Each structure stands twice: as structure tokens, then as C-alpha cells.
Amino acid sequence: MIKFTKKNNHRVSIIPGFNLSLGITIFYISFIILIPLISIAVVTNGITWQKFTSVILDSRVIASYRISFICALTAAAVNCFFGTILAWVLVRYEFPGKDLIDGLIELPFAIPTAVAGISLAALYSPTGLIGQFLAPIGIKIAYSPIGISMALIFVTIPFVVRTVEPVLKNIDPVFEEAAYTLGAGKFTIFRRIILPELIPALLLGGGLAFARAVGEYGSVIFIAGNMPFKSEIVPLLIMIKLQQFNYTEATSIAIVMLLFSFLIMFAINSLQIYQQRLIRGGR
Amino acid sequence: MSKIFSVRYLLIGISIIFIFIMLILPLYVIINEAFHNGFSPYFNVISDKFTLHALSLTLLATGTAVLCNTIFGLFAAWALTRFQYRHSKLLTTLIDIPFTISPVIAGLIFSLTFGRIGWTQPILNFFHIKIVFAVTGIILVTIFVTLPFIARTIMPVLHSRGTQEEEAAALMGASGLTIFRRITFPHIKWALLYGIILCTARAMGEFGAVSVISGHLRGKTDTLPLLIEILYNDFKMTDAFAVSTILVVLAIILLVLKNIVEYKWHQVKE
Amino acid sequence: MYIEFRNVNKSFGAYKASDNVNFSLSKGSLSALLGPSGSGKTTILRILAGLETPDSGDVFIDGQRINDTIPAKRGIGFVFQNYALFRYMTVFDNIAFGMQIKKFPPKQIKQRVNELLKLIGLDGLGGRYPVQLSGGQKQRTAFARAIAPEPKVLLLDEPFAAIDAKVRHDLRQWLKNTIKELNITSIFVTHDQEEANEVADEILIINRGKVEQSGSPISVYKKPATPFVAQFIGENSLINDYGNFKGFQFNKNFPAAIIRPEFISLFKPQEQVKNTYSAESGTIKAITFRGAYLEIIVTLNNIDLKTIWPTGRELLRPQEKVIVLIRKMYLINADSVCEIENAAITADNSVII
């Protein structure tokens with residue numbers, strides 16, 4: 001049993017409200033997060049190990065893991081590249097329209113995913129604004145894994161930009177100047193001086209983007225085409241099982257995803273602690 | 001020097017093209033498709049009774065979720081930053097859970113808990129409460145999905161500031177409410193607003209979790225995003241885009257507010 | 001006695017921050033808790049304020065045991081080390097806050113705040129916010145805020161630590177005079193002995209959670225009661241082979257000795273020295289100019305000793321030979337101090353007589 005006692009070895013705070021605020025916090029978290037999560041365990045109780053493994057190792061399920069994983073990874077990687085350029089441009093350069101770009105970065109967080117989904121589907125369908133030019137040359141974006149990646153890129157744009165930006169702002173120009181006086185070229189300076197500083201931020205931003213992308217549903221389903229083995233993502237598969245009222249299979253697949261999510265969360269948390277130390281300047 | 005300038009223009013160019021293709025074009029497509037059949041069908045769709053019902057449900061769910069999570073966020077931030085005790089890290093991690101799990105799984109765990117096969121079913125039946133396939137369920141999952149936003153934007157602000165001011169006030173005999181109102185609140189004002197905006201945006205657009213729990217009862221349990229899905233799957237593309245414009249307008253208002261708040265907040269920090 | 005600690009103990013895990021602390025202070029006194037960092041001086045202050053709860057022992061203010069009194073009812077004004085001024089309130093509102101909480105009538109609050117603003121020399125600056133103030137002004141505002149509700153006791157945690165050296169000196173004098181004028185019983189914490197000596201009527205030397213010695217600055221300096229105090233107070237030379245010096249015999253109960261700068265007299269070789277037999281010759285090793293005096297390190301029997309030389313006298317040079325006379329020293333062991341005089345001087349004087 002976990003006891004939430006104040007550290008008796010530490011300052012006893014005279015600030016009021018400890019019991020009330022902690023009580024409300026624990027009650028709320030229990031009711032909204034813990035009780036529903038525990039239900040998974042309740043349902044799983046009725047599933048045999050054999051049944052569980054046969055569900056999660058089914059070839060259609062495995063294919064969906066692969067698609068979800070690869071598309072999310074692609075989206076994270078693409079955003080690491082463009083996100084770094086965007087952050088660089090926003091921190092280092094002044095140009096007309098900069099504020100507009102800066103203000104638009106969070107648009108994917110503000111636009112509901114379903115809206116983004118139908119919009120991207122319309123844009124990249126073979127008759128769509130962009131799709132019509134790509135279809136004749138044989139590039140198919142909508143209804144393929146590329147479409148899934150496009151949707152995931154859209155949804156996760158802000159993550160990398162906003163984690164790299166503060167680190168880039170914090171890099172002391174003295175290091176670059178020192179390298180410059182030693183005769184290093186611009187690209188060498190970026191590769192040897194700046195990039196190493198950015199790597200933790202890139203990993204963190206990319207990690208956050210990846211975590212979000214793996215679980216994303218709304219923006220993907222409209223553009224994906226949802227063909228089993230080809231463009232079916234894990235959240236959709238869970239949804240399909242649920243619509244068939246097949247709770248055991250849905251839960252089994254969800255458990256695998258949950259474990260995976262917690263793993264990413266753990267990695268991100270560790271990175272975040274490291275990242276904060278960098279921003280505060282303690283090395 | 002000209003080489004440096006060209007790198008600079010190259011990078012700015014890449015940024016502008018990326019933003020244009022990835023963000024501006026999708027926005028343009030929505031507007032373009034929505035007015036495909038002209039103005040008057042557009043207004044017919046957005047003043048349709050199903051649309052208005054979905055809008056009111058979206059606003060209800062969003063409003064309730066934001067209200068609950070604001071209250072929770074303030075108490076949680078107080079509990080987790082003003083005091084030191086064991087397991088405070090654990091609680092912080094628990095708060096982050098909704099960020100990590102897929103919305104579909106969020107919907108799933110709520111239907112496992114409160115749905116037909118849920119273990120709470122006997123209790124809910126006894127009190128005649130219906131959660132899954134009902135408005136209550138939609139509100140609950142919306143609260144779940146947006147739970148961390150407000151707490152997690154206030155906490156770093158309070159954390160970095162230390163507890164001395166509150167201690168000084170408590171030493172002079174100020175009550176908890178007075179300390180919060182006069183000492184703490186002015187510090188977290190902008191962060192709180194910022195968190196509320198993020199929370200609103202996410203709540204308003206939540207789709208996966210709501211989709212699982214709502215049952216898609218048109219005119220009863222469909223929010224705007226769900227209505228868009230229904231229309232789209234019925235091949236009523238123009239209608240789907242017309243309904244989308246309502247959410248786009250709300251999103252842009254929130255985005256502008258977010259930028260204003262960010263600007264003001266930054267000014268205070270200087 | 002106005003403030004009293006009786007057998008107070010407080011541990012943080014394995015670390016004893018207060019180890020059977022006993023002391024008492026009289027009404028209207030201005031006392032300093034002096035000790036190195038980590039000695040437990042701040043803990044004593046926080047226990048008195050109610051920011052920490054003692055594990056055992058009793059704390060009294062004005063004859064009343066206050067262990068179970070909540071901090072706000074103890075009648076204490078507290079000046080925090082970093083002031084903890086309310087950043088989103090003006091100077092006026094900061095000072096008024098405590099009185100507003102205690103429900104003073106608004107008219108009285110306004111009058112008192114204005115008085116205090118005048119007292120701290122911030123007349124007319126009441127509308128400013130803390131970020132717009134200098135370090136010294138912040139410190140005085142924190143002081144005014146603490147005394148505004150007329151507390152019985154004023155506690156100050158390292159009140160001068162965050163102020164630059166130039167302002168610090170003026171502020172010390174100002175604070176001392178103001179506290180004396182207001183006649184409010186005050187305790188401040190410091191690690192700076194110069195500060196403690198200058199400001200306090202009484203100092204309590206704290207080491208490892210214990211009160212080593214208390215008394216007026218001069219009495220503590222002149223009669224250190226424990227080896228720690230002997231070492232901690234003053235600019236000292238700590239030596240082991242003190243038996244090698246003329247006039248001192250090694251005592252095996254005391255493995256070390258401490259010599260204060262003023263215990264040593266230096267003479268130029270040509271000068272006439274009164275106690276010739278007890279003096280010996282040394283070499284100037286280093287000289288540091290300190291204004292009115294020079295700080296000298298002189299080597300004698302391969303041991304370096306610190307002393308001073310008035311700037312007004314004929315100046316010394318490094319490597320110069322001088323005559324050194326050690327008048328007395330403190331012998332110390334693990335738990336006691338013994339002051340001994342140079343035996344040769346005593347003998348010398350009796351010969352002359």
C-alpha cells in the first residue's frame with residue numbers, strides 16, 4: 001500500500017491545503033484514469049494465455065503493427081528533418097511572414113483530427129488538388145501507407161519544432177564564433193558544434209511525435225483506405241473488433257499497444273529530465 | 001558572403017513551401033470543398049438541426065471537460081508543487097498517462113468499465129445511469145483525453161518559482177484561499193489560460209475516443225467530428241466539409257488566442 | 001527570559017540539525033546566530049518561526065510554550081534570505097499584506113504603511129513593484145513587511161547575503177539602528193563573523209547543531225569557551241609544534257595551539273625590545289596591503305604565523321629579518337581550551353623588577 005505521507009525528514013510545509021488538494025488529485029486520477037485502466041485487467045482475467053497469443057500474433061494483427069510502426073517512424077523522421085529547418089529559420093532569421101509561420105505551427109493541434117483527415121484525403125486522392133498531378137506519374141498517396149505517413153506528419157509537426165527551438169535559442173554564439181575563428185565552414189559548424197547539442201532535443205521531439213503518431217486514429221482512417229495487410233493501422237483494428245463486439249480480441253491488441261506506449265513514455269521521461277538540464281544550462 | 005545568403009534563402013524557402021503544402025493547402029481544401037455547391041447549400045448544411053445538435057453536444061462536452069480539468073489542474077498543481085512528499089513523482093507520471101495512450105484505447109477502457117460487459121454494470125443499472133452510448137460517456141472520455149493539459153502547463157511555472165512567497169504569506173496568517181488568490185494566481189494566470197486553450201482545442205476535436213463510446217446515434221450522441229465522419233462515409237463530401245468549417249473557425253480563433261496569450265505571457269516573463 | 005529553547009532536538013534523517021539546543025535571550029535584544037554553513041543555525045530560526053517542528057524539546061516566547069501554536073499566531077516577523085517579496089504586488093501592498101490579513105482597519109493600514117515607507121527611505125516609491133527595486137531597497141521592503149503587523153519577535157535569515165558589498169555596510173548600520181529604535185527583540189542568522197560582531201549585542205556560535213558559546217561579541221572573542229570557537233572566531237594560525245617557541249612548553253594533553261594576530265608583536269632588528277629573552281628571530285614571508293594595516297605572514301621555526309603591522313610604521317619588505325614576540329596562545333584539544341601566557345615574559349618581567 002502506498003502511503004502519501006509528507007517526508008518527515010523534510011520540511012513540514014506551513015502552506016495550507018495539503019490534504020484537500022492531494023485528496024482531490026488522488027480521487028480524480030483514480031476515477032478518471034486508474035479505474036478504467038484497471039478494467040483491462042478485469043477483462044484480461046477471462047482470457048487464456050493461448051487465446052491472447054493467438055490474437056496478438058495473428059498475421060493481420062502483425063501486419064497492422066508493422067504498418068503503424070513504420071508509418072509513425074517515417075513521420076517522426078520527416079518531422080525531425082523539416083522541424084529542425086523550421087526551428088532554425090524561426091530562431092536565426094528575420095523575414096516577412098515569419099510571425100505568421102510561427103503562429104501556424106500549432107495549427108495541427110488546433111484542427112480536429114477528423115477535419116484534417118478528410119481534408120488530406122481530398123487533397124491527395126487521385127482527383128484531388130495534389131493527387132491529380134501525382135496519379136499520372138504513378139504515385140499513389142491516398143489509400144496507401146504513404147497517405148498514412150502524410151496524415152501522421154501533419155498531426156505531429158509541432159513536436160520537433162517546439163522542442164528544438166528553445167535549445168537552439170540557448171546555444172551560446174560564442175561556440176560558433178570560436179569555431180569560425182578556427183576556420184570552420186558554416187556546414188562544419190552546424191554538423192560539429194550545433195547538431196550534437198540538438199540531438200537530445202531531436203530525440204525528445206521525435207519521440208513525442210512518434211508516441212502520438214502510433215496511437216493516432218482520426219486523421220488516418222480517411223486517407224488510409226484501411227485495407228487489411230496493406231493500410232490498416234492498429235487503432236483501426238481495435239475499432240473494428242469493437243464494432244463486432246469482440247471485446248477480448250480488442251483488449252488483447254490494446255494491451256500490446258499499451259505496453260508499447262508505456263515503454264515510449266518511460267524513454268521520453270528519461271530524455272526530458274536530461275533535456276531540462278541542458279536548457280537550464282547545467283552540464 | 002553570397003554563399004551564406006543562398007543557404008539562408010534556401011532554408012527559408014524550404015520552410016515556406018513545407019508550411020504551405022502541409023498546413024495552408026489542407027485549410028484551403030476545406031473551404032474550397034465546403035463551398036463547392038455555392039453559398040446557400042452551405043448555409044443549409046450548417047444550420048441543419050443535426051449539425052446544430054452536434055455543435056451543442058461538442059460545446060457541452062468541451063465546456064464540461066475544460067471546467068473539470070481546470071479545477072483538477074489547479075488542485076493537482078498545488079498538491080504536486082507546493083509540498084514535498086514521497087510518490088509525488090508517481091502522481092505526476094499518472095497524470096501523463098492520457099497523453100501516451102491512443103484515443104481508441106481510451107475509448108476502449110471506458111467501454112470495458114461502463115459498457116454492457118463492464119464490471120460496473122450492476123451498479124449503473126441500479127441507479128439507472130447510462131454512460132456508454134450516451135452523452136455522459138462522451139463527456140467522460142473527453143475529460144480523460146484532455147486531463148493532463150492544464151495541470152501540466154501550470155506545474156512547471158509553479159515549480160520553477162519555489163514556495164517562499166506562499167510560506168511568507170502563510171507565516172503572516174493568510175488562509176489558503178487568500179494565498180492562492182493574491183500570491184499564486186497572478187503567477188499562473190497566463191499559464192492557466194494557455195492550458196485552457198490547449199485543452200479546449202483538444203476536447204473540441206477529440207474523435208477516436210468519442211467514436212468508440214458514442215455509438216453514433218445521429219441526433220443524439222454525435223459530436224461535430226463524428227457527424228463529419230458520418231457525412232463523409234455517406235459520400236456527402238460537401239456537407240462534411242461544410243460542417244468542418246465550423247470547427248476550423250473555432251480552431252483558428254483558439255490559435256489566435258493562443259498566440260496572444262503566449263505573447264502576453266512572454267512579456268510578463270521579461 | 002523572552003525567548004527560550006529547552007533541550008530542542010531536530011534530525012533530518014541521519015543528520016542532527018539541532019542537538020539538544022538550549023539558550024535564552026532577553027527582551028529587546030538583538031542577537032546573531034553565527035556558524036559555518038550547514039551548522040544548523042537556520043534550523044533554529046525556522047523552528048522558532050514554526051517553519052520546522054522540533055522532534056523534542058520546548059520553545060518559549062514571552063513565557064509561553066509555543067510548540068503547538070501555529071506559525072501565524074506566534075507573533076513573529078520573518079525576513080527571508082531572498083526576501084520572498086510578493087512579485088505581483090506593489091511595495092505598498094507587500095507591506096500592507098500582513099495587516100490586511102490581521103484585519104487592521106484600512107485607514108490605520110494606510111497610515112502605518114506610509115510611516116514604514118518613510119522609515120525605510122522608500123517614501124513615494126510605494127507604487128513600485130519588487131522587480132523595480134535595488135537589492136538594498138528590496139531588503140528594506142522585506143524588513144518593513146515583516147515588522148508592519150507589529151510582531152513580538154523579528155527573525156532575519158541571512159539578511160545581507162544577497163546584497164553587494166558596498167551597500168551591505170550601510171545597510172547593517174541602518175538595520176541595527178532601526179531595530180534598536182523600534183526596540184523589537186530580533187534574531188538574525190549569518191555566517192559572517194564581521195557582520196555578527198558589528199550588528200549583534202549577543203552572538204550564539206552554532207556548530208553541528210549545538211550552541212557552542214553565547215555572549216557579547218567581545219567576550220566571545222576574548223574568552224573562547226570551546227576549541228571550535230577558538231578556531232572559528234578571528235583570523236588565526238593553527239599550529240602543532242608550539243613547544244618549539246620560546247617561552248612555551250608542549251603539553252601532551254593539548255595537541256594543538258591557536259595564535260591570534262594580536263598575540264604576536266614584531267620588531268625591526270634595530271628596535272629596542274623590552275622582553276629580549278623571550279623574543280626570537282623570524283623572516284617575513286608575505287605581505288598583503290589592507291589599508292590601515294599590513295597583513296603579515298612571518299616564518300618562525302619553519303612555522304607560518306599570521307599577524308599585522310600598522311601601515312603608519314616603517315614598512316616591512318619580504319624576506320626581511322624581524323624579531324618576533326609571542327605573548328600568548330590558546331591550547332586546544334578535542335573538547336577544551338586553555339589560555340597560556342609566554343612563560344619567558346613573566347620571568348623576564350620579574351627579573352627586571
# chains A, B, ... in the order shown; residues from 1 in each chain; ligands from 1
>>> residues_around(residues="Gly162 (chain B)", least_positions_apart="4", cutoff="12 Å", atoms="only C-alpha atoms", output="count of residues only")
16
>>> closest_atom_pairs(of="chain C", to="chain B", cutoff="12 Å", atoms="only C-alpha atoms", output="Markdown table")
| residue | atom | partner | partner_atom | distance |
| --- | --- | --- | --- | --- |
| C:Arg46 | CA | B:Leu171 | CA | 11.0 |
| C:Leu48 | CA | B:Leu171 | CA | 11.7 |
| C:Ala49 | CA | B:Leu171 | CA | 8.0 |
| C:Gly50 | CA | B:Leu171 | CA | 8.3 |
| C:Leu51 | CA | B:Leu171 | CA | 8.2 |
| C:Glu52 | CA | B:Glu167 | CA | 11.8 |
| C:Thr69 | CA | B:Leu171 | CA | 11.9 |
| C:Ile70 | CA | B:Leu171 | CA | 8.8 |
| C:Pro71 | CA | B:Leu171 | CA | 5.7 |
| C:Ala72 | CA | B:Gly173 | CA | 4.4 |
| C:Lys73 | CA | B:Gly173 | CA | 7.3 |
| C:Arg74 | CA | B:Leu171 | CA | 9.1 |
| C:Gly75 | CA | B:Met172 | CA | 8.8 |
| C:Ile76 | CA | B:Leu171 | CA | 8.0 |
| C:Gly77 | CA | B:Met172 | CA | 7.7 |
| C:Phe78 | CA | B:Ala168 | CA | 7.5 |
| C:Val79 | CA | B:Ala168 | CA | 8.4 |
| C:Phe80 | CA | B:Ala168 | CA | 7.8 |
| C:Gln81 | CA | B:Gln164 | CA | 9.6 |
| C:Asn82 | CA | B:Gln164 | CA | 8.6 |
| C:Tyr83 | CA | B:Gln164 | CA | 8.5 |
| C:Ala84 | CA | B:Glu165 | CA | 4.9 |
| C:Leu85 | CA | B:Glu165 | CA | 6.5 |
| C:Phe86 | CA | B:Glu165 | CA | 6.0 |
| C:Arg87 | CA | B:Ile183 | CA | 8.2 |
| C:Tyr88 | CA | B:Pro186 | CA | 6.4 |
| C:Met89 | CA | B:Ile183 | CA | 8.3 |
| C:Thr90 | CA | B:Arg182 | CA | 11.9 |
| C:Asp93 | CA | B:Arg182 | CA | 10.4 |
| C:Asn94 | CA | B:Ala169 | CA | 9.8 |
| C:Ile95 | CA | B:Met172 | CA | 11.2 |
| C:Ala96 | CA | B:Met172 | CA | 11.0 |
| C:Phe97 | CA | B:Ala169 | CA | 8.0 |
| C:Gly98 | CA | B:Met172 | CA | 5.4 |
| C:Met99 | CA | B:Met172 | CA | 8.6 |
| C:Gln100 | CA | B:Ala174 | CA | 9.1 |
| C:Ile101 | CA | B:Ala174 | CA | 5.7 |
| C:Lys102 | CA | B:Gly173 | CA | 7.5 |
| C:Lys103 | CA | B:Ala174 | CA | 10.7 |
| C:Val131 | CA | B:Glu270 | CA | 10.6 |
| C:Ala142 | CA | B:Ala168 | CA | 10.1 |
| C:Arg145 | CA | B:Met172 | CA | 9.7 |
| C:Ala146 | CA | B:Met172 | CA | 8.5 |
| C:Ile147 | CA | B:Met172 | CA | 10.6 |
| C:Ala148 | CA | B:Met172 | CA | 10.4 |
| C:Pro149 | CA | B:Met172 | CA | 8.5 |
| C:Glu150 | CA | B:Met172 | CA | 11.1 |
| C:Pro151 | CA | B:Met172 | CA | 9.8 |
| C:Leu155 | CA | B:Leu171 | CA | 11.7 |
>>> interface_residues(of="chain A", to="chain B", cutoff="7 Å", atoms="only C-alpha atoms", output="ChimeraX atom specification")
/A:4-7,13-18,21-22,24-25,32-33,36-37,39-40,85-86,89,103,107,110-115,119-120,123,154,211,215-218,235,239,254,258,261,265
>>> residues_around(residues="Leu193 (chain B)", least_positions_apart="3", cutoff="10 Å", atoms="only C-alpha atoms", output="PyMOL selection string")
chain B and resi 70+150+153-154+188-190+196-199+257-258+261-262+265
>>> select_by_dssp(residues="region 104-224 of chain C", states="helix (DSSP H, G or I)", output="ChimeraX atom specification")
/C:106-119,130-132,135-147,165-182,193-199,217-222
>>> closest_residue(among="B:Leu231, B:Ala242, B:Leu192, B:Val135", to="Phe149 (chain B)", atoms="only C-alpha atoms")
B:Leu192
>>> closest_residue(among="C:Glu262, C:Asp304, C:Glu320, C:Glu158", to="Val189 (chain C)", atoms="only C-alpha atoms")
C:Glu158
>>> residues_around(residues="Thr221 (chain B)", least_positions_apart="3", cutoff="9 Å", atoms="only C-alpha atoms", output="short mmCIF file (atom, residue, chain, number, x, y, z; two decimals) with all heavy atoms, in the first residue's frame")
data_model
loop_
_atom_site.label_atom_id
_atom_site.label_comp_id
_atom_site.auth_asym_id
_atom_site.auth_seq_id
_atom_site.Cartn_x
_atom_site.Cartn_y
_atom_site.Cartn_z
N ALA B 54 -25.21 18.55 -32.97
CA ALA B 54 -23.82 18.10 -32.80
C ALA B 54 -22.96 19.21 -32.23
O ALA B 54 -22.13 18.99 -31.35
CB ALA B 54 -23.26 17.62 -34.13
N LEU B 57 -23.65 19.58 -28.59
CA LEU B 57 -23.04 18.48 -27.82
C LEU B 57 -21.52 18.68 -27.70
O LEU B 57 -20.93 18.48 -26.64
CB LEU B 57 -23.35 17.14 -28.47
CG LEU B 57 -22.84 15.91 -27.72
CD1 LEU B 57 -23.33 15.91 -26.28
CD2 LEU B 57 -23.27 14.63 -28.42
N PHE B 133 -22.54 4.82 -25.00
CA PHE B 133 -23.57 5.19 -25.98
C PHE B 133 -24.47 6.30 -25.42
O PHE B 133 -25.66 6.36 -25.72
CB PHE B 133 -24.43 4.00 -26.41
CG PHE B 133 -23.63 2.87 -26.98
CD1 PHE B 133 -24.06 1.56 -26.90
CD2 PHE B 133 -22.42 3.13 -27.60
CE1 PHE B 133 -23.30 0.52 -27.43
CE2 PHE B 133 -21.66 2.09 -28.14
CZ PHE B 133 -22.11 0.78 -28.04
N ALA B 134 -23.91 7.16 -24.60
CA ALA B 134 -24.71 8.25 -24.03
C ALA B 134 -23.80 9.48 -23.88
O ALA B 134 -22.57 9.38 -23.98
CB ALA B 134 -25.28 7.86 -22.67
N VAL B 135 -24.43 10.60 -23.64
CA VAL B 135 -23.69 11.87 -23.52
C VAL B 135 -22.67 11.80 -22.37
O VAL B 135 -21.55 12.28 -22.50
CB VAL B 135 -24.67 13.04 -23.32
CG1 VAL B 135 -23.93 14.33 -23.06
CG2 VAL B 135 -25.56 13.18 -24.54
N ILE B 138 -19.46 10.37 -23.47
CA ILE B 138 -18.70 11.30 -24.32
C ILE B 138 -17.96 12.32 -23.47
O ILE B 138 -16.77 12.59 -23.67
CB ILE B 138 -19.66 12.01 -25.30
CG1 ILE B 138 -20.20 10.98 -26.30
CG2 ILE B 138 -18.94 13.16 -26.03
CD1 ILE B 138 -21.21 11.53 -27.25
N SER B 214 -19.49 6.58 -28.29
CA SER B 214 -20.76 7.27 -28.56
C SER B 214 -21.83 6.37 -29.17
O SER B 214 -23.01 6.58 -28.97
CB SER B 214 -20.52 8.45 -29.51
OG SER B 214 -20.63 8.01 -30.84
N GLY B 215 -21.40 5.37 -29.96
CA GLY B 215 -22.40 4.54 -30.62
C GLY B 215 -23.00 5.19 -31.85
O GLY B 215 -23.86 4.63 -32.50
N HIS B 216 -22.55 6.39 -32.17
CA HIS B 216 -23.01 7.08 -33.38
C HIS B 216 -24.52 7.17 -33.50
O HIS B 216 -25.09 6.83 -34.52
CB HIS B 216 -22.46 6.39 -34.64
CG HIS B 216 -20.97 6.46 -34.73
ND1 HIS B 216 -20.15 5.58 -34.08
CD2 HIS B 216 -20.17 7.30 -35.40
CE1 HIS B 216 -18.90 5.88 -34.34
NE2 HIS B 216 -18.88 6.93 -35.13
N LEU B 217 -25.20 7.56 -32.48
CA LEU B 217 -26.64 7.74 -32.58
C LEU B 217 -26.88 9.14 -33.12
O LEU B 217 -26.74 10.12 -32.39
CB LEU B 217 -27.31 7.54 -31.22
CG LEU B 217 -26.96 6.22 -30.53
CD1 LEU B 217 -27.52 6.17 -29.12
CD2 LEU B 217 -27.47 5.05 -31.34
N ARG B 218 -27.21 9.22 -34.38
CA ARG B 218 -27.29 10.52 -35.02
C ARG B 218 -28.40 11.35 -34.39
O ARG B 218 -29.51 10.88 -34.16
CB ARG B 218 -27.55 10.36 -36.52
CG ARG B 218 -27.21 11.64 -37.25
CD ARG B 218 -27.20 11.48 -38.74
NE ARG B 218 -26.99 12.79 -39.33
CZ ARG B 218 -27.29 13.08 -40.58
NH1 ARG B 218 -27.80 12.17 -41.37
NH2 ARG B 218 -27.08 14.30 -41.03
N LEU B 226 -17.76 13.52 -35.16
CA LEU B 226 -18.44 12.27 -35.53
C LEU B 226 -19.41 12.50 -36.68
O LEU B 226 -19.55 11.67 -37.58
CB LEU B 226 -19.19 11.70 -34.33
CG LEU B 226 -18.31 11.22 -33.18
CD1 LEU B 226 -19.17 10.64 -32.06
CD2 LEU B 226 -17.32 10.19 -33.67
#
>>> atom_distance(atom1="CA of Glu341 (chain C)", atom2="CA of Lys222 (chain C)")
13.8 Å
>>> residues_around(residues="Glu295 (chain C)", least_positions_apart="3", cutoff="6 Å", atoms="only C-alpha atoms", output="ChimeraX atom specification")
/C:287-288,308
>>> write_last_selection(atoms="C-alpha atoms", output="compact mmCIF listing (two decimals), in the first residue's frame")
# COMPACT_ATOMS: atom_id res chain seq x y z
CA ILE C 287 52.74 40.95 2.89
CA THR C 288 49.22 41.93 1.93
CA ILE C 308 49.54 42.58 11.40
>>> residues_around(residues="Ser68 (chain A)", least_positions_apart="4", cutoff="7 Å", atoms="only C-alpha atoms", output="MDAnalysis selection string")
chainID A and resid 64 72 214 233:234
>>> residues_around(residues="region 230-243 of chain C", least_positions_apart="4", cutoff="8 Å", atoms="only C-alpha atoms", output="PyMOL selection string")
chain C and resi 193+221+224-226+248-251+255-261+303-306+330+337
>>> atom_distance(atom1="CA of Phe143 (chain C)", atom2="CA of Val220 (chain C)")
28.2 Å
>>> select_by_dssp(residues="region 56-304 of chain C", states="strand (DSSP E or B)", output="ChimeraX atom specification")
/C:56-61,64-65,76-79,153-157,185-190,202-207,210-215,237-239,256-259,264-267,280-289,293-300,303-304
>>> write_last_selection(atoms="C-alpha atoms", output="PDB file, in the first residue's frame")
ATOM      1  CA  SER C  56      11.634  17.035  21.051  1.00  0.00           C
ATOM      2  CA  GLY C  57      12.144  19.928  23.458  1.00  0.00           C
ATOM      3  CA  ASP C  58      10.273  23.140  24.196  1.00  0.00           C
ATOM      4  CA  VAL C  59      10.312  26.589  22.687  1.00  0.00           C
ATOM      5  CA  PHE C  60       9.076  29.625  24.596  1.00  0.00           C
ATOM      6  CA  ILE C  61       8.260  33.172  23.598  1.00  0.00           C
ATOM      7  CA  GLN C  64       4.507  30.826  26.722  1.00  0.00           C
ATOM      8  CA  ARG C  65       5.314  27.448  25.234  1.00  0.00           C
ATOM      9  CA  ILE C  76       6.746  36.564  14.538  1.00  0.00           C
ATOM     10  CA  GLY C  77       8.014  38.668  11.670  1.00  0.00           C
ATOM     11  CA  PHE C  78      10.259  36.787   9.262  1.00  0.00           C
ATOM     12  CA  VAL C  79      12.646  38.256   6.721  1.00  0.00           C
ATOM     13  CA  VAL C 153       9.934  38.887  17.594  1.00  0.00           C
ATOM     14  CA  LEU C 154      11.708  39.630  14.332  1.00  0.00           C
ATOM     15  CA  LEU C 155      13.658  36.855  12.626  1.00  0.00           C
ATOM     16  CA  LEU C 156      16.051  37.500   9.754  1.00  0.00           C
ATOM     17  CA  ASP C 157      17.599  34.704   7.694  1.00  0.00           C
ATOM     18  CA  THR C 185      13.503  41.524  20.012  1.00  0.00           C
ATOM     19  CA  SER C 186      15.405  40.282  16.954  1.00  0.00           C
ATOM     20  CA  ILE C 187      17.472  37.309  15.893  1.00  0.00           C
ATOM     21  CA  PHE C 188      19.397  37.052  12.670  1.00  0.00           C
ATOM     22  CA  VAL C 189      21.329  34.249  11.070  1.00  0.00           C
ATOM     23  CA  THR C 190      24.718  34.837   9.489  1.00  0.00           C
ATOM     24  CA  GLU C 202      24.869  38.994  21.661  1.00  0.00           C
ATOM     25  CA  ILE C 203      26.116  36.209  19.449  1.00  0.00           C
ATOM     26  CA  LEU C 204      25.395  32.499  19.640  1.00  0.00           C
ATOM     27  CA  ILE C 205      28.037  30.381  17.971  1.00  0.00           C
ATOM     28  CA  ILE C 206      26.426  27.335  16.370  1.00  0.00           C
ATOM     29  CA  ASN C 207      28.318  24.251  15.266  1.00  0.00           C
ATOM     30  CA  LYS C 210      24.917  22.743  19.074  1.00  0.00           C
ATOM     31  CA  VAL C 211      25.205  26.139  20.707  1.00  0.00           C
ATOM     32  CA  GLU C 212      28.938  26.257  21.365  1.00  0.00           C
ATOM     33  CA  GLN C 213      29.014  29.570  23.196  1.00  0.00           C
ATOM     34  CA  SER C 214      26.979  32.688  23.634  1.00  0.00           C
ATOM     35  CA  GLY C 215      27.782  36.163  24.870  1.00  0.00           C
ATOM     36  CA  SER C 237      47.117  30.465  12.930  1.00  0.00           C
ATOM     37  CA  LEU C 238      46.630  26.842  13.919  1.00  0.00           C
ATOM     38  CA  ILE C 239      49.913  25.141  14.877  1.00  0.00           C
ATOM     39  CA  ALA C 256      47.475  21.944  19.024  1.00  0.00           C
ATOM     40  CA  ALA C 257      47.515  25.681  19.647  1.00  0.00           C
ATOM     41  CA  ILE C 258      45.910  28.749  18.166  1.00  0.00           C
ATOM     42  CA  ILE C 259      47.590  32.135  17.919  1.00  0.00           C
ATOM     43  CA  ILE C 264      52.235  38.494  18.192  1.00  0.00           C
ATOM     44  CA  SER C 265      54.466  41.561  18.278  1.00  0.00           C
ATOM     45  CA  LEU C 266      57.008  42.267  15.550  1.00  0.00           C
ATOM     46  CA  PHE C 267      60.057  44.466  15.838  1.00  0.00           C
ATOM     47  CA  GLU C 280      63.212  35.148  18.690  1.00  0.00           C
ATOM     48  CA  SER C 281      64.016  35.998  15.116  1.00  0.00           C
ATOM     49  CA  GLY C 282      61.816  35.287  12.117  1.00  0.00           C
ATOM     50  CA  THR C 283      61.542  36.057   8.394  1.00  0.00           C
ATOM     51  CA  ILE C 284      58.789  37.970   6.614  1.00  0.00           C
ATOM     52  CA  LYS C 285      57.233  35.582   4.122  1.00  0.00           C
ATOM     53  CA  ALA C 286      54.331  37.520   2.616  1.00  0.00           C
ATOM     54  CA  ILE C 287      52.742  40.953   2.894  1.00  0.00           C
ATOM     55  CA  THR C 288      49.224  41.931   1.932  1.00  0.00           C
ATOM     56  CA  PHE C 289      48.158  45.562   1.970  1.00  0.00           C
ATOM     57  CA  TYR C 293      47.455  47.846   8.286  1.00  0.00           C
ATOM     58  CA  LEU C 294      49.504  45.217   6.518  1.00  0.00           C
ATOM     59  CA  GLU C 295      48.663  41.578   6.890  1.00  0.00           C
ATOM     60  CA  ILE C 296      51.933  39.780   7.500  1.00  0.00           C
ATOM     61  CA  ILE C 297      52.915  36.162   7.322  1.00  0.00           C
ATOM     62  CA  VAL C 298      56.069  35.619   9.301  1.00  0.00           C
ATOM     63  CA  THR C 299      58.067  32.373   9.386  1.00  0.00           C
ATOM     64  CA  LEU C 300      59.461  31.259  12.684  1.00  0.00           C
ATOM     65  CA  ILE C 303      56.057  27.673  11.025  1.00  0.00           C
ATOM     66  CA  ASP C 304      53.973  30.378   9.311  1.00  0.00           C
TER      67      ASP C 304
END
